file model.csv (CSV, C-alpha atoms)
chain,number,residue,atom,x,y,z
S,264,MET,CA,48.8,-5.7,-14.1
S,265,ARG,CA,47.4,-9.0,-15.3
S,266,GLN,CA,47.0,-10.2,-11.7
S,267,THR,CA,45.2,-6.9,-10.8
S,268,LYS,CA,42.7,-7.4,-13.7
S,269,LEU,CA,42.0,-11.0,-12.5
S,270,LEU,CA,41.3,-9.8,-9.0
S,271,ILE,CA,38.9,-7.1,-10.3
S,272,PHE,CA,37.1,-9.7,-12.5
S,273,PHE,CA,36.5,-12.2,-9.7
S,274,PHE,CA,35.4,-9.4,-7.3
S,275,ALA,CA,32.8,-8.3,-9.9
S,276,ILE,CA,31.4,-11.8,-10.2
S,277,PHE,CA,31.2,-12.1,-6.4
S,278,ILE,CA,29.2,-8.8,-6.2
S,279,LEU,CA,26.8,-10.0,-9.0
S,280,LEU,CA,26.2,-13.4,-7.3
S,281,THR,CA,25.6,-11.8,-4.0
S,282,SER,CA,23.1,-9.3,-5.5
S,283,CYS,CA,21.1,-12.2,-7.2
S,284,ALA,CA,21.0,-14.1,-4.0
S,285,HIS,CA,19.5,-11.1,-2.2
S,286,ARG,CA,16.9,-10.6,-4.9
S,287,GLU,CA,15.8,-14.3,-4.7
S,288,ALA,CA,15.4,-14.1,-0.9
S,289,ALA,CA,13.1,-11.0,-1.1
S,290,PRO,CA,9.4,-11.7,-0.3
S,291,ASP,CA,7.0,-12.0,-3.2
S,292,PRO,CA,4.7,-9.0,-3.1
S,293,ALA,CA,1.8,-11.1,-4.4
S,294,ILE,CA,1.9,-13.3,-1.2
S,295,PRO,CA,0.4,-11.6,1.8
S,296,GLU,CA,2.5,-11.6,5.0
S,297,SER,CA,-0.6,-11.8,7.2
S,298,GLY,CA,-4.1,-13.1,6.9
S,299,PHE,CA,-7.2,-11.1,6.3
S,300,SER,CA,-9.4,-10.7,9.4
S,301,SER,CA,-12.9,-9.4,10.3
S,302,PRO,CA,-14.8,-9.1,13.5
S,303,ALA,CA,-16.5,-12.5,12.9
S,304,ALA,CA,-14.0,-14.6,11.0
S,305,GLU,CA,-10.2,-14.8,11.2
S,306,THR,CA,-7.7,-16.3,8.8
S,307,SER,CA,-4.2,-17.5,9.1
S,308,PRO,CA,-1.5,-17.3,6.4
S,309,SER,CA,-1.4,-20.2,4.0
S,310,ASN,CA,0.9,-21.4,1.2
S,311,LEU,CA,-1.8,-20.4,-1.4
S,312,PRO,CA,-1.9,-16.7,-2.2
S,313,ASP,CA,-5.5,-15.3,-2.2
S,314,SER,CA,-5.1,-14.3,-5.9
S,315,MET,CA,-4.6,-17.9,-6.9
S,316,SER,CA,-7.2,-20.8,-6.8
S,317,PRO,CA,-6.4,-24.5,-6.4
S,318,ASP,CA,-6.9,-26.7,-9.4
S,319,VAL,CA,-10.6,-27.4,-9.6
S,320,PRO,CA,-11.8,-30.8,-11.0
S,321,THR,CA,-14.3,-30.5,-13.8
S,322,GLU,CA,-16.8,-33.0,-15.3
S,323,ASP,CA,-19.0,-32.7,-18.3
S,324,ASP,CA,-22.5,-33.0,-16.7
S,325,SER,CA,-24.3,-31.3,-19.5
S,326,HIS,CA,-26.5,-34.3,-20.3
S,327,PRO,CA,-28.3,-36.7,-17.9
S,328,PRO,CA,-26.7,-40.1,-17.5
S,329,ARG,CA,-30.1,-41.7,-18.3
S,330,GLU,CA,-33.2,-40.5,-20.0
S,331,GLY,CA,-35.9,-39.0,-17.8
S,332,MET,CA,-33.6,-37.6,-15.2
S,333,VAL,CA,-33.8,-34.0,-14.0
S,334,ARG,CA,-31.8,-31.6,-11.9
S,335,SER,CA,-32.2,-31.8,-8.1
S,336,ARG,CA,-33.4,-28.5,-6.5
S,337,LEU,CA,-31.2,-29.4,-3.5
S,338,THR,CA,-27.8,-30.3,-5.1
S,339,ASN,CA,-28.3,-29.7,-8.9
S,340,GLU,CA,-27.2,-33.3,-9.4
S,341,TRP,CA,-29.1,-35.4,-11.9
S,342,ILE,CA,-31.8,-37.5,-10.2
S,343,THR,CA,-34.9,-39.4,-11.3
S,344,GLU,CA,-38.0,-37.3,-12.0
S,345,GLU,CA,-39.9,-39.4,-9.4
S,346,ALA,CA,-37.3,-38.5,-6.7
S,347,ALA,CA,-37.4,-34.8,-7.7
S,348,ASN,CA,-41.2,-34.6,-7.2
S,349,ILE,CA,-41.2,-36.1,-3.7
S,350,ARG,CA,-40.8,-33.7,-0.8
S,351,PRO,CA,-37.6,-34.2,1.3
S,352,ILE,CA,-37.4,-35.3,4.9
S,353,ALA,CA,-35.6,-33.3,7.6
S,354,LEU,CA,-34.2,-35.4,10.4
S,355,ILE,CA,-33.2,-33.8,13.8
S,356,VAL,CA,-29.9,-35.6,14.8
S,357,PRO,CA,-28.0,-35.3,18.0
S,358,ASN,CA,-24.2,-34.6,17.8
S,359,GLU,CA,-22.5,-35.5,21.0
S,360,ASN,CA,-20.1,-38.3,22.0
S,361,ASN,CA,-22.9,-40.6,23.3
S,362,ALA,CA,-24.8,-40.2,20.0
S,363,ILE,CA,-22.2,-41.3,17.5
S,364,PRO,CA,-21.7,-43.1,15.2
S,365,HIS,CA,-24.4,-41.7,12.9
S,366,TYR,CA,-26.1,-43.7,10.2
S,367,ASN,CA,-26.7,-42.6,6.6
S,368,LEU,CA,-25.8,-38.9,7.1
S,369,SER,CA,-23.6,-39.1,4.1
S,370,ARG,CA,-26.7,-39.5,2.0
S,371,ALA,CA,-28.1,-36.1,3.1
S,372,SER,CA,-28.2,-33.4,0.4
S,373,ILE,CA,-28.1,-30.6,2.9
S,374,LEU,CA,-26.7,-30.7,6.5
S,375,TYR,CA,-27.4,-28.0,9.0
S,376,GLU,CA,-25.6,-27.6,12.3
S,377,ALA,CA,-26.5,-25.2,15.2
S,378,ASN,CA,-26.0,-24.9,18.9
S,379,VAL,CA,-28.6,-26.0,21.3
S,380,GLU,CA,-28.6,-25.8,25.1
S,381,GLY,CA,-25.2,-26.3,26.9
S,382,ARG,CA,-23.3,-25.3,23.7
S,383,MET,CA,-24.0,-28.8,22.3
S,384,THR,CA,-24.8,-28.9,18.6
S,385,ARG,CA,-27.7,-30.6,16.9
S,386,LEU,CA,-27.8,-31.5,13.1
S,387,MET,CA,-30.6,-31.4,10.7
S,388,ALA,CA,-30.1,-33.7,7.7
S,389,VAL,CA,-32.3,-33.0,4.7
S,390,PHE,CA,-32.7,-36.0,2.4
S,391,GLU,CA,-34.3,-36.4,-1.0
S,392,ASP,CA,-34.9,-39.7,-2.7
S,393,TRP,CA,-35.4,-41.2,0.7
S,394,LEU,CA,-38.1,-43.8,0.2
S,395,LYS,CA,-35.6,-46.7,0.2
S,396,LEU,CA,-33.4,-45.2,2.9
S,397,GLU,CA,-32.3,-47.8,5.5
S,398,LYS,CA,-31.5,-47.3,9.2
S,399,THR,CA,-30.9,-43.5,9.6
S,400,GLY,CA,-30.1,-41.3,12.6
S,401,ASN,CA,-30.2,-41.4,15.4
S,402,VAL,CA,-33.1,-39.0,15.9
S,403,ARG,CA,-33.7,-36.5,18.8
S,404,SER,CA,-35.9,-33.6,19.8
S,405,LEU,CA,-36.8,-30.5,17.7
S,406,ARG,CA,-36.1,-26.8,18.3
S,407,THR,CA,-38.1,-24.1,16.5
S,408,TYR,CA,-35.3,-22.8,14.4
S,409,TYR,CA,-34.8,-26.1,12.7
S,410,ALA,CA,-38.4,-26.1,11.7
S,411,TYR,CA,-38.0,-22.7,9.9
S,412,TRP,CA,-35.1,-24.1,7.9
S,413,ALA,CA,-37.0,-27.3,7.1
S,414,PHE,CA,-40.0,-25.2,5.9
S,415,GLU,CA,-37.7,-23.7,3.2
S,416,TRP,CA,-37.6,-27.2,1.6
S,417,ASP,CA,-41.2,-28.1,2.3
S,418,ALA,CA,-39.7,-31.0,4.2
S,419,PHE,CA,-41.4,-33.5,6.5
S,420,LEU,CA,-40.0,-32.8,10.0
S,421,VAL,CA,-38.8,-36.0,11.7
S,422,HIS,CA,-38.1,-35.7,15.4
S,423,LEU,CA,-38.7,-37.0,18.9
S,424,GLY,CA,-40.7,-34.4,20.7
S,425,GLY,CA,-39.2,-31.1,21.9
S,426,PRO,CA,-39.6,-28.4,24.6
S,427,PHE,CA,-43.0,-26.8,25.1
S,428,PHE,CA,-42.2,-23.8,23.0
S,429,ILE,CA,-42.3,-25.7,19.8
S,430,ASN,CA,-46.0,-26.6,20.3
S,431,GLU,CA,-47.4,-23.4,18.7
S,432,LEU,CA,-45.3,-23.9,15.5
S,433,ILE,CA,-46.1,-27.6,15.3
S,434,ALA,CA,-49.8,-26.8,15.6
S,435,GLU,CA,-49.7,-24.5,12.5
S,436,PRO,CA,-51.9,-26.0,9.7
S,437,GLY,CA,-49.0,-26.2,7.2
S,438,THR,CA,-46.6,-28.0,9.6
S,439,GLU,CA,-46.3,-31.7,8.7
S,440,ASN,CA,-44.2,-33.6,11.1
S,441,ILE,CA,-43.5,-37.2,12.3
S,442,ASP,CA,-43.0,-37.2,16.1
S,443,GLY,CA,-41.7,-40.4,17.6
S,444,LEU,CA,-43.1,-39.5,21.0
S,445,LEU,CA,-46.6,-39.6,19.7
S,446,THR,CA,-48.4,-43.0,19.7
S,447,SER,CA,-49.7,-42.2,16.3
S,448,ASP,CA,-46.2,-41.8,14.8
S,449,SER,CA,-44.2,-44.3,16.9
S,450,ALA,CA,-44.3,-46.9,14.1
S,451,ALA,CA,-41.9,-44.8,12.1
S,452,PHE,CA,-39.1,-45.4,14.5
S,453,ILE,CA,-37.2,-48.3,16.0
S,454,ARG,CA,-35.2,-48.5,19.2
S,455,THR,CA,-31.9,-50.4,19.1
S,456,THR,CA,-30.3,-52.3,22.0
S,457,ASP,CA,-26.7,-51.4,21.3
S,458,ARG,CA,-26.9,-48.1,23.2
S,459,SER,CA,-29.1,-46.5,25.9
S,460,SER,CA,-32.0,-44.1,25.5
S,461,PRO,CA,-32.3,-41.4,24.3
S,462,HIS,CA,-29.6,-42.0,21.7
S,463,ASN,CA,-31.0,-45.2,20.3
S,464,ALA,CA,-34.0,-44.1,18.1
S,465,TYR,CA,-33.7,-44.5,14.3
S,466,THR,CA,-36.0,-44.4,11.3
S,467,ASP,CA,-36.0,-45.5,7.7
S,468,GLY,CA,-37.7,-44.7,4.4
S,469,PRO,CA,-40.4,-47.4,4.3
S,470,ARG,CA,-41.5,-46.7,8.0
S,471,LEU,CA,-41.7,-42.9,7.3
S,472,ALA,CA,-43.6,-43.4,4.0
S,473,SER,CA,-46.1,-45.6,5.8
S,474,THR,CA,-46.6,-43.1,8.6
S,475,ILE,CA,-46.9,-40.2,6.1
S,476,SER,CA,-49.5,-42.0,4.2
S,477,ARG,CA,-51.5,-42.9,7.3
S,478,LYS,CA,-51.4,-39.2,8.4
S,479,GLY,CA,-52.8,-38.2,5.0
S,480,TYR,CA,-49.8,-36.0,4.1
S,481,SER,CA,-49.0,-35.5,0.4
S,482,LEU,CA,-45.7,-36.7,-0.9
S,483,ASN,CA,-45.7,-34.0,-3.6
S,484,TYR,CA,-44.5,-30.4,-3.2
S,485,ARG,CA,-47.3,-28.1,-2.0
S,486,ASP,CA,-46.1,-24.9,-3.9
S,487,LEU,CA,-45.3,-23.2,-0.6
S,488,THR,CA,-41.6,-22.7,-1.2
S,489,ASP,CA,-39.4,-21.0,-3.8
S,490,SER,CA,-39.0,-23.2,-6.8
S,491,GLU,CA,-35.3,-22.2,-7.0
S,492,HIS,CA,-33.8,-22.2,-3.5
S,493,PHE,CA,-30.1,-22.0,-4.6
S,494,ARG,CA,-28.5,-21.0,-7.8
S,495,PHE,CA,-25.9,-23.5,-9.1
S,496,ALA,CA,-23.0,-23.7,-11.5
S,497,SER,CA,-22.5,-26.9,-13.5
S,498,LYS,CA,-19.6,-29.3,-12.9
S,499,LYS,CA,-18.4,-28.5,-16.4
S,500,GLU,CA,-18.1,-24.8,-15.6
S,501,PRO,CA,-17.7,-24.6,-11.8
S,502,ASN,CA,-17.7,-21.4,-9.8
S,503,THR,CA,-14.0,-20.9,-8.8
S,504,LEU,CA,-14.7,-17.5,-7.1
S,505,ASN,CA,-12.0,-16.1,-9.4
S,506,GLN,CA,-14.5,-13.3,-10.3
S,507,TYR,CA,-14.0,-11.8,-6.8
S,508,ASP,CA,-10.2,-11.3,-7.3
S,509,GLN,CA,-8.5,-10.4,-4.0
S,510,ASP,CA,-11.8,-10.6,-2.1
S,511,ALA,CA,-11.8,-14.4,-2.5
S,512,LYS,CA,-9.6,-15.8,0.3
S,513,SER,CA,-7.7,-19.0,0.5
S,514,ALA,CA,-9.7,-21.6,2.5
S,515,LEU,CA,-8.1,-25.0,2.5
S,516,TYR,CA,-8.9,-25.5,6.2
S,517,ILE,CA,-12.0,-24.2,8.1
S,518,ASP,CA,-12.0,-24.6,11.9
S,519,MET,CA,-15.4,-24.1,13.6
S,520,SER,CA,-14.3,-24.8,17.2
S,521,GLY,CA,-14.7,-21.2,18.2
S,522,CYS,CA,-18.4,-21.4,17.4
S,523,TYR,CA,-19.0,-25.1,18.4
S,524,PRO,CA,-16.8,-25.6,21.5
S,525,LEU,CA,-18.2,-29.0,22.3
S,526,THR,CA,-18.3,-30.3,18.7
S,527,ARG,CA,-15.1,-28.7,17.5
S,528,CYS,CA,-15.7,-29.6,13.9
S,529,TYR,CA,-13.4,-28.7,11.1
S,530,PHE,CA,-13.2,-29.1,7.3
S,531,GLU,CA,-10.2,-29.9,5.1
S,532,TYR,CA,-10.2,-29.3,1.4
S,533,ASN,CA,-9.2,-32.1,-0.9
S,534,GLU,CA,-7.9,-30.7,-4.2
S,535,ASP,CA,-8.2,-34.1,-6.0
S,536,ASP,CA,-12.0,-34.2,-5.8
S,537,GLY,CA,-12.8,-30.6,-4.9
S,538,LEU,CA,-14.6,-31.5,-1.7
S,539,TYR,CA,-14.4,-30.4,2.0
S,540,TYR,CA,-14.1,-33.3,4.4
S,541,ARG,CA,-15.6,-33.0,7.8
S,542,SER,CA,-13.9,-34.0,11.0
S,543,GLN,CA,-14.7,-33.3,14.7
S,544,HIS,CA,-13.4,-33.6,18.2
S,545,LEU,CA,-16.4,-34.1,20.4
S,546,SER,CA,-16.1,-33.3,24.1
S,547,GLY,CA,-15.2,-36.6,25.8
S,548,GLY,CA,-14.4,-38.3,22.4
S,549,THR,CA,-11.5,-38.7,20.0
S,550,ASP,CA,-10.4,-36.3,17.2
S,551,GLY,CA,-11.0,-37.7,13.7
S,552,PRO,CA,-13.1,-37.9,10.6
S,553,HIS,CA,-16.9,-37.7,10.9
S,554,ILE,CA,-17.7,-41.2,9.5
S,555,ASP,CA,-21.1,-42.6,8.4
S,556,ALA,CA,-21.4,-45.9,10.1
S,557,ALA,CA,-23.8,-47.2,7.4
S,558,THR,CA,-21.5,-46.5,4.4
S,559,GLY,CA,-18.0,-46.1,6.0
S,560,GLU,CA,-17.7,-42.7,4.2
S,561,GLN,CA,-16.4,-39.5,5.7
S,562,LEU,CA,-19.0,-36.7,5.4
S,563,SER,CA,-18.0,-34.4,2.6
S,564,PHE,CA,-19.4,-31.3,1.0
S,565,LYS,CA,-19.0,-29.2,-2.2
S,566,ASN,CA,-20.2,-26.0,-0.5
S,567,ILE,CA,-20.0,-24.7,3.0
S,568,LEU,CA,-22.1,-21.8,4.2
S,569,ILE,CA,-21.4,-20.1,7.5
S,570,GLN,CA,-24.5,-18.1,8.6
S,571,TYR,CA,-24.3,-15.7,11.5
S,572,VAL,CA,-27.7,-15.4,13.2
S,573,LYS,CA,-28.9,-13.3,16.1
S,574,CYS,CA,-29.7,-15.5,19.1
S,575,ASP,CA,-31.6,-15.1,22.4
S,576,ASP,CA,-31.6,-17.2,25.5
S,577,LEU,CA,-35.1,-18.4,26.4
S,578,GLY,CA,-34.1,-19.7,29.8
S,579,GLU,CA,-32.7,-23.0,31.1
S,580,GLY,CA,-30.2,-22.7,28.2
S,581,TYR,CA,-32.7,-23.0,25.4
S,582,LEU,CA,-31.9,-20.8,22.4
S,583,ALA,CA,-34.0,-18.9,19.9
S,584,PHE,CA,-32.2,-18.1,16.6
S,585,GLN,CA,-33.7,-15.3,14.6
S,586,CYS,CA,-34.1,-17.1,11.3
S,587,HIS,CA,-36.0,-14.3,9.7
S,588,ASP,CA,-33.6,-11.4,9.0
S,589,THR,CA,-32.3,-9.0,6.3
S,590,THR,CA,-29.2,-7.6,8.0
S,591,SER,CA,-26.9,-10.5,9.0
S,592,ASP,CA,-23.9,-11.9,7.2
S,593,GLY,CA,-21.7,-14.9,6.8
S,594,TRP,CA,-19.2,-16.7,4.5
S,595,PHE,CA,-19.4,-19.0,1.5
S,596,PHE,CA,-16.6,-21.5,0.8
S,597,THR,CA,-16.2,-23.7,-2.2
S,598,ASN,CA,-13.3,-25.1,-4.3
S,599,GLY,CA,-10.7,-24.1,-1.7
S,600,ARG,CA,-11.7,-20.4,-1.4
S,601,GLY,CA,-14.1,-18.2,0.4
S,602,ILE,CA,-16.0,-14.9,0.2
S,603,HIS,CA,-17.9,-12.8,2.7
S,604,VAL,CA,-21.7,-12.9,2.1
S,605,ASN,CA,-25.0,-11.4,3.5
S,606,TRP,CA,-28.2,-13.3,3.8
S,607,LYS,CA,-32.0,-12.7,3.9
S,608,LYS,CA,-35.0,-14.8,4.9
S,609,GLU,CA,-38.3,-12.9,4.9
S,610,SER,CA,-41.0,-15.5,5.3
S,611,ASN,CA,-41.5,-18.9,6.9
S,612,TYR,CA,-41.4,-20.9,3.7
S,613,GLY,CA,-39.2,-18.5,1.8
S,614,ALA,CA,-35.6,-19.6,1.1
S,615,THR,CA,-32.6,-18.1,3.0
S,616,LYS,CA,-30.9,-16.3,0.1
S,617,PHE,CA,-27.1,-15.5,0.2
S,618,TYR,CA,-25.6,-12.5,-1.6
S,619,ASP,CA,-22.1,-11.3,-2.2
S,620,ASP,CA,-20.9,-7.9,-1.1
S,621,ASN,CA,-22.0,-6.5,-4.5
S,622,GLY,CA,-25.6,-7.5,-3.8
S,623,SER,CA,-25.6,-10.4,-6.3
S,624,GLU,CA,-27.0,-13.8,-5.3
S,625,ILE,CA,-24.1,-16.3,-4.9
S,626,ILE,CA,-23.8,-19.3,-7.2
S,627,LEU,CA,-23.1,-22.6,-5.4
S,628,ASN,CA,-21.4,-25.5,-7.1
S,629,THR,CA,-23.2,-28.7,-7.9
S,630,GLY,CA,-23.1,-31.0,-4.9
S,631,LYS,CA,-23.9,-31.3,-1.2
S,632,THR,CA,-24.0,-28.3,1.1
S,633,MET,CA,-23.1,-27.9,4.8
S,634,ILE,CA,-24.8,-24.9,6.5
S,635,CYS,CA,-23.1,-24.0,9.8
S,636,VAL,CA,-25.4,-21.6,11.7
S,637,VAL,CA,-23.5,-19.7,14.4
S,638,GLU,CA,-24.2,-17.1,17.0
S,639,GLU,CA,-23.3,-13.5,16.2
S,640,GLY,CA,-20.1,-12.6,18.0
S,641,ASP,CA,-18.6,-16.2,17.8
S,642,LYS,CA,-15.5,-16.6,15.7
S,643,PHE,CA,-14.2,-19.3,13.4
S,644,THR,CA,-10.9,-19.4,11.5
S,645,PHE,CA,-9.8,-20.5,8.1
S,646,ARG,CA,-6.6,-20.6,6.1
call {"tool": "encode", "arguments": {"input": "model.csv", "output": "structure tokens"}}
result
Amino acid sequence: MRQTKLLIFFFAIFILLTSCAHREAAPDPAIPESGFSSPAAETSPSNLPDSMSPDVPTEDDSHPPREGMVRSRLTNEWITEEAANIRPIALIVPNENNAIPHYNLSRASILYEANVEGRMTRLMAVFEDWLKLEKTGNVRSLRTYYAYWAFEWDAFLVHLGGPFFINELIAEPGTENIDGLLTSDSAAFIRTTDRSSPHNAYTDGPRLASTISRKGYSLNYRDLTDSEHFRFASKKEPNTLNQYDQDAKSALYIDMSGCYPLTRCYFEYNEDDGLYYRSQHLSGGTDGPHIDAATGEQLSFKNILIQYVKCDDLGEGYLAFQCHDTTSDGWFFTNGRGIHVNWKKESNYGATKFYDDNGSEIILNTGKTMICVVEEGDKFTFR
């Protein structure tokens, strides 16, 4: 009898342990088994459930570090009042294997990327506080859609010529540009001997300032643009996207190769500083971080906006993006998460505004922003 009771006791323990093991192995219902997808963007499963957000670094930036500083309208960082009152410059920068390395792109407050002919991409770097900027670029030719984005910031357009169809826009009375292919503007640029033309043209702050003065352009804002382009959260109370619950998706890695097949850029989120770091694998080049040759820094951003735009082919591969629209969408990524957005731009100098699916304007985090403009129908992935 005693032996029988012992057998029953050990059998019960075995059943209990086996049951516990099965419960521990069961999937957590809070962790999705497959990623969310939409016609334009696809995600892959990650180790971070969508309902959670990574740790977001904070900083008390309530007060300026020095007296007389004000908030930047481009980044919301504290900058001098003098710098805040000077209009930005918008440089057109090639992004292909023969054009790198780039110089001083890490100092840009806003960086745009869009396709040009042949599925190459071209960048537009928007700088404030640029008067003492050293060797920057290189610089290439303009396309009309970059001009419309530069107008939003009342920026001086800096470029080297462009196809004939930019001429009408350049001739508009409000367009103020510095074109290195014009004799009158050539002093704003230098050609280096370390690479061949057309990838060897650069500019700097003093040269640009001198040319702007000679052309009679005003350094001060002309009251043509919206005084508030973006809405920002402070570093002390950052926007974690937690308010969107399950609609905010985990986004620790963003791969743009489906939209930019020759650039193949991607972004990796660093939880330590809360920034997205840009890398790319250019056609004919190596895969690795996108490094600023002037500073040695990898390009990084606090906010990434993906903007889907209708696009037409003008012939010979030239593109025309429909920058003015009220019906297109995109995505907003910050602090390791992302939400679907919609955007509107209704006038040449009016800001492109981004809204969540509830119709509220999104709130960016203080810092630099990357805007990836992509053709409707192209796909990118994130996880």
call {"tool": "residues_around", "arguments": {"input": "model.csv", "residues": "Thr526 in chain S", "least_positions_apart": "5", "cutoff": "12 Å", "atoms": "all atoms listed in the file", "output": "ChimeraX atom specification"}}
result
/S:357-360,362-363,376-379,381-386,518-521,541-551,553,635
call {"tool": "atom_distance", "arguments": {"input": "model.csv", "atom1": "CA of Asn430 in chain S", "atom2": "CA of Val402 in chain S"}}
result
18.4 Å
call {"tool": "atom_distance", "arguments": {"input": "model.csv", "atom1": "CA of Arg350 in chain S", "atom2": "CA of Arg485 in chain S"}}
result
8.7 Å
call {"tool": "closest_residue", "arguments": {"input": "model.csv", "among": "S:Thr629, S:Ser449, S:Asn339, S:Thr438", "to": "Leu423 in chain S", "atoms": "all atoms listed in the file"}}
result
S:Ser449
call {"tool": "closest_residue", "arguments": {"input": "model.csv", "among": "S:Asn566, S:Phe493, S:Tyr612, S:Ala434", "to": "Glu624 in chain S", "atoms": "only C-alpha atoms"}}
result
S:Phe493
call {"tool": "residues_near_point", "arguments": {"input": "model.csv", "point": "(-29.8, -18.6, -11.8)", "cutoff": "10 Å", "atoms": "all atoms listed in the file", "output": "PyMOL selection string"}}
result
chain S and resi 491-496+624-626
call {"tool": "closest_residue", "arguments": {"input": "model.csv", "among": "S:Gly622, S:Pro351, S:Gly400, S:Gly424", "to": "His365 in chain S", "atoms": "all atoms listed in the file"}}
result
S:Gly400
call {"tool": "atom_distance", "arguments": {"input": "model.csv", "atom1": "CA of Val604 in chain S", "atom2": "CA of Phe530 in chain S"}}
result
19.0 Å
call {"tool": "closest_residue", "arguments": {"input": "model.csv", "among": "S:Asn621, S:Thr456, S:Gln585, S:Ser497", "to": "Trp341 in chain S", "atoms": "only C-alpha atoms"}}
result
S:Ser497
call {"tool": "closest_residue", "arguments": {"input": "model.csv", "among": "S:Ala614, S:Phe564, S:Ala451, S:Ala304", "to": "Ala413 in chain S", "atoms": "only C-alpha atoms"}}
result
S:Ala614
call {"tool": "closest_residue", "arguments": {"input": "model.csv", "among": "S:Thr644, S:Asn605, S:Thr615, S:Thr632", "to": "Arg527 in chain S", "atoms": "all atoms listed in the file"}}
result
S:Thr644
call {"tool": "decode", "arguments": {"input": "model.csv", "residues": "range 565-570 of chain S", "atoms": "all heavy atoms", "output": "PDB file, in the first residue's frame"}}
result
ATOM      1  N   LYS S 565      16.424  62.110 -36.103  1.00  0.00           N
ATOM      2  CA  LYS S 565      15.444  61.841 -35.058  1.00  0.00           C
ATOM      3  C   LYS S 565      14.105  61.434 -35.651  1.00  0.00           C
ATOM      4  O   LYS S 565      13.379  60.625 -35.068  1.00  0.00           O
ATOM      5  CB  LYS S 565      15.261  63.091 -34.180  1.00  0.00           C
ATOM      6  CG  LYS S 565      14.397  62.848 -32.945  1.00  0.00           C
ATOM      7  CD  LYS S 565      15.017  61.814 -32.029  1.00  0.00           C
ATOM      8  CE  LYS S 565      14.135  61.481 -30.840  1.00  0.00           C
ATOM      9  NZ  LYS S 565      14.720  60.432 -29.986  1.00  0.00           N
ATOM     10  N   ASN S 566      13.774  62.000 -36.808  1.00  0.00           N
ATOM     11  CA  ASN S 566      12.493  61.729 -37.463  1.00  0.00           C
ATOM     12  C   ASN S 566      12.737  61.268 -38.892  1.00  0.00           C
ATOM     13  O   ASN S 566      13.617  61.790 -39.577  1.00  0.00           O
ATOM     14  CB  ASN S 566      11.628  62.989 -37.509  1.00  0.00           C
ATOM     15  CG  ASN S 566      11.497  63.668 -36.150  1.00  0.00           C
ATOM     16  OD1 ASN S 566      10.837  63.181 -35.260  1.00  0.00           O
ATOM     17  ND2 ASN S 566      12.164  64.817 -36.011  1.00  0.00           N
ATOM     18  N   ILE S 567      11.939  60.314 -39.341  1.00  0.00           N
ATOM     19  CA  ILE S 567      11.949  59.902 -40.736  1.00  0.00           C
ATOM     20  C   ILE S 567      10.523  59.961 -41.257  1.00  0.00           C
ATOM     21  O   ILE S 567       9.614  59.359 -40.674  1.00  0.00           O
ATOM     22  CB  ILE S 567      12.525  58.488 -40.925  1.00  0.00           C
ATOM     23  CG1 ILE S 567      13.992  58.451 -40.462  1.00  0.00           C
ATOM     24  CG2 ILE S 567      12.418  58.054 -42.378  1.00  0.00           C
ATOM     25  CD1 ILE S 567      14.624  57.089 -40.557  1.00  0.00           C
ATOM     26  N   LEU S 568      10.334  60.694 -42.347  1.00  0.00           N
ATOM     27  CA  LEU S 568       9.038  60.779 -43.010  1.00  0.00           C
ATOM     28  C   LEU S 568       9.145  60.106 -44.368  1.00  0.00           C
ATOM     29  O   LEU S 568      10.048  60.408 -45.151  1.00  0.00           O
ATOM     30  CB  LEU S 568       8.607  62.234 -43.190  1.00  0.00           C
ATOM     31  CG  LEU S 568       8.188  62.971 -41.913  1.00  0.00           C
ATOM     32  CD1 LEU S 568       8.138  64.471 -42.156  1.00  0.00           C
ATOM     33  CD2 LEU S 568       6.831  62.466 -41.420  1.00  0.00           C
ATOM     34  N   ILE S 569       8.245  59.176 -44.631  1.00  0.00           N
ATOM     35  CA  ILE S 569       8.140  58.557 -45.941  1.00  0.00           C
ATOM     36  C   ILE S 569       6.922  59.169 -46.624  1.00  0.00           C
ATOM     37  O   ILE S 569       5.809  59.076 -46.106  1.00  0.00           O
ATOM     38  CB  ILE S 569       7.970  57.032 -45.853  1.00  0.00           C
ATOM     39  CG1 ILE S 569       8.999  56.414 -44.890  1.00  0.00           C
ATOM     40  CG2 ILE S 569       8.055  56.405 -47.246  1.00  0.00           C
ATOM     41  CD1 ILE S 569      10.419  56.553 -45.310  1.00  0.00           C
ATOM     42  N   GLN S 570       7.123  59.794 -47.770  1.00  0.00           N
ATOM     43  CA  GLN S 570       6.064  60.542 -48.438  1.00  0.00           C
ATOM     44  C   GLN S 570       5.805  59.935 -49.818  1.00  0.00           C
ATOM     45  O   GLN S 570       6.630  60.032 -50.721  1.00  0.00           O
ATOM     46  CB  GLN S 570       6.468  62.016 -48.560  1.00  0.00           C
ATOM     47  CG  GLN S 570       5.422  62.913 -49.169  1.00  0.00           C
ATOM     48  CD  GLN S 570       5.876  64.358 -49.279  1.00  0.00           C
ATOM     49  OE1 GLN S 570       6.960  64.716 -48.808  1.00  0.00           O
ATOM     50  NE2 GLN S 570       5.074  65.194 -49.902  1.00  0.00           N
TER      51      GLN S 570
END
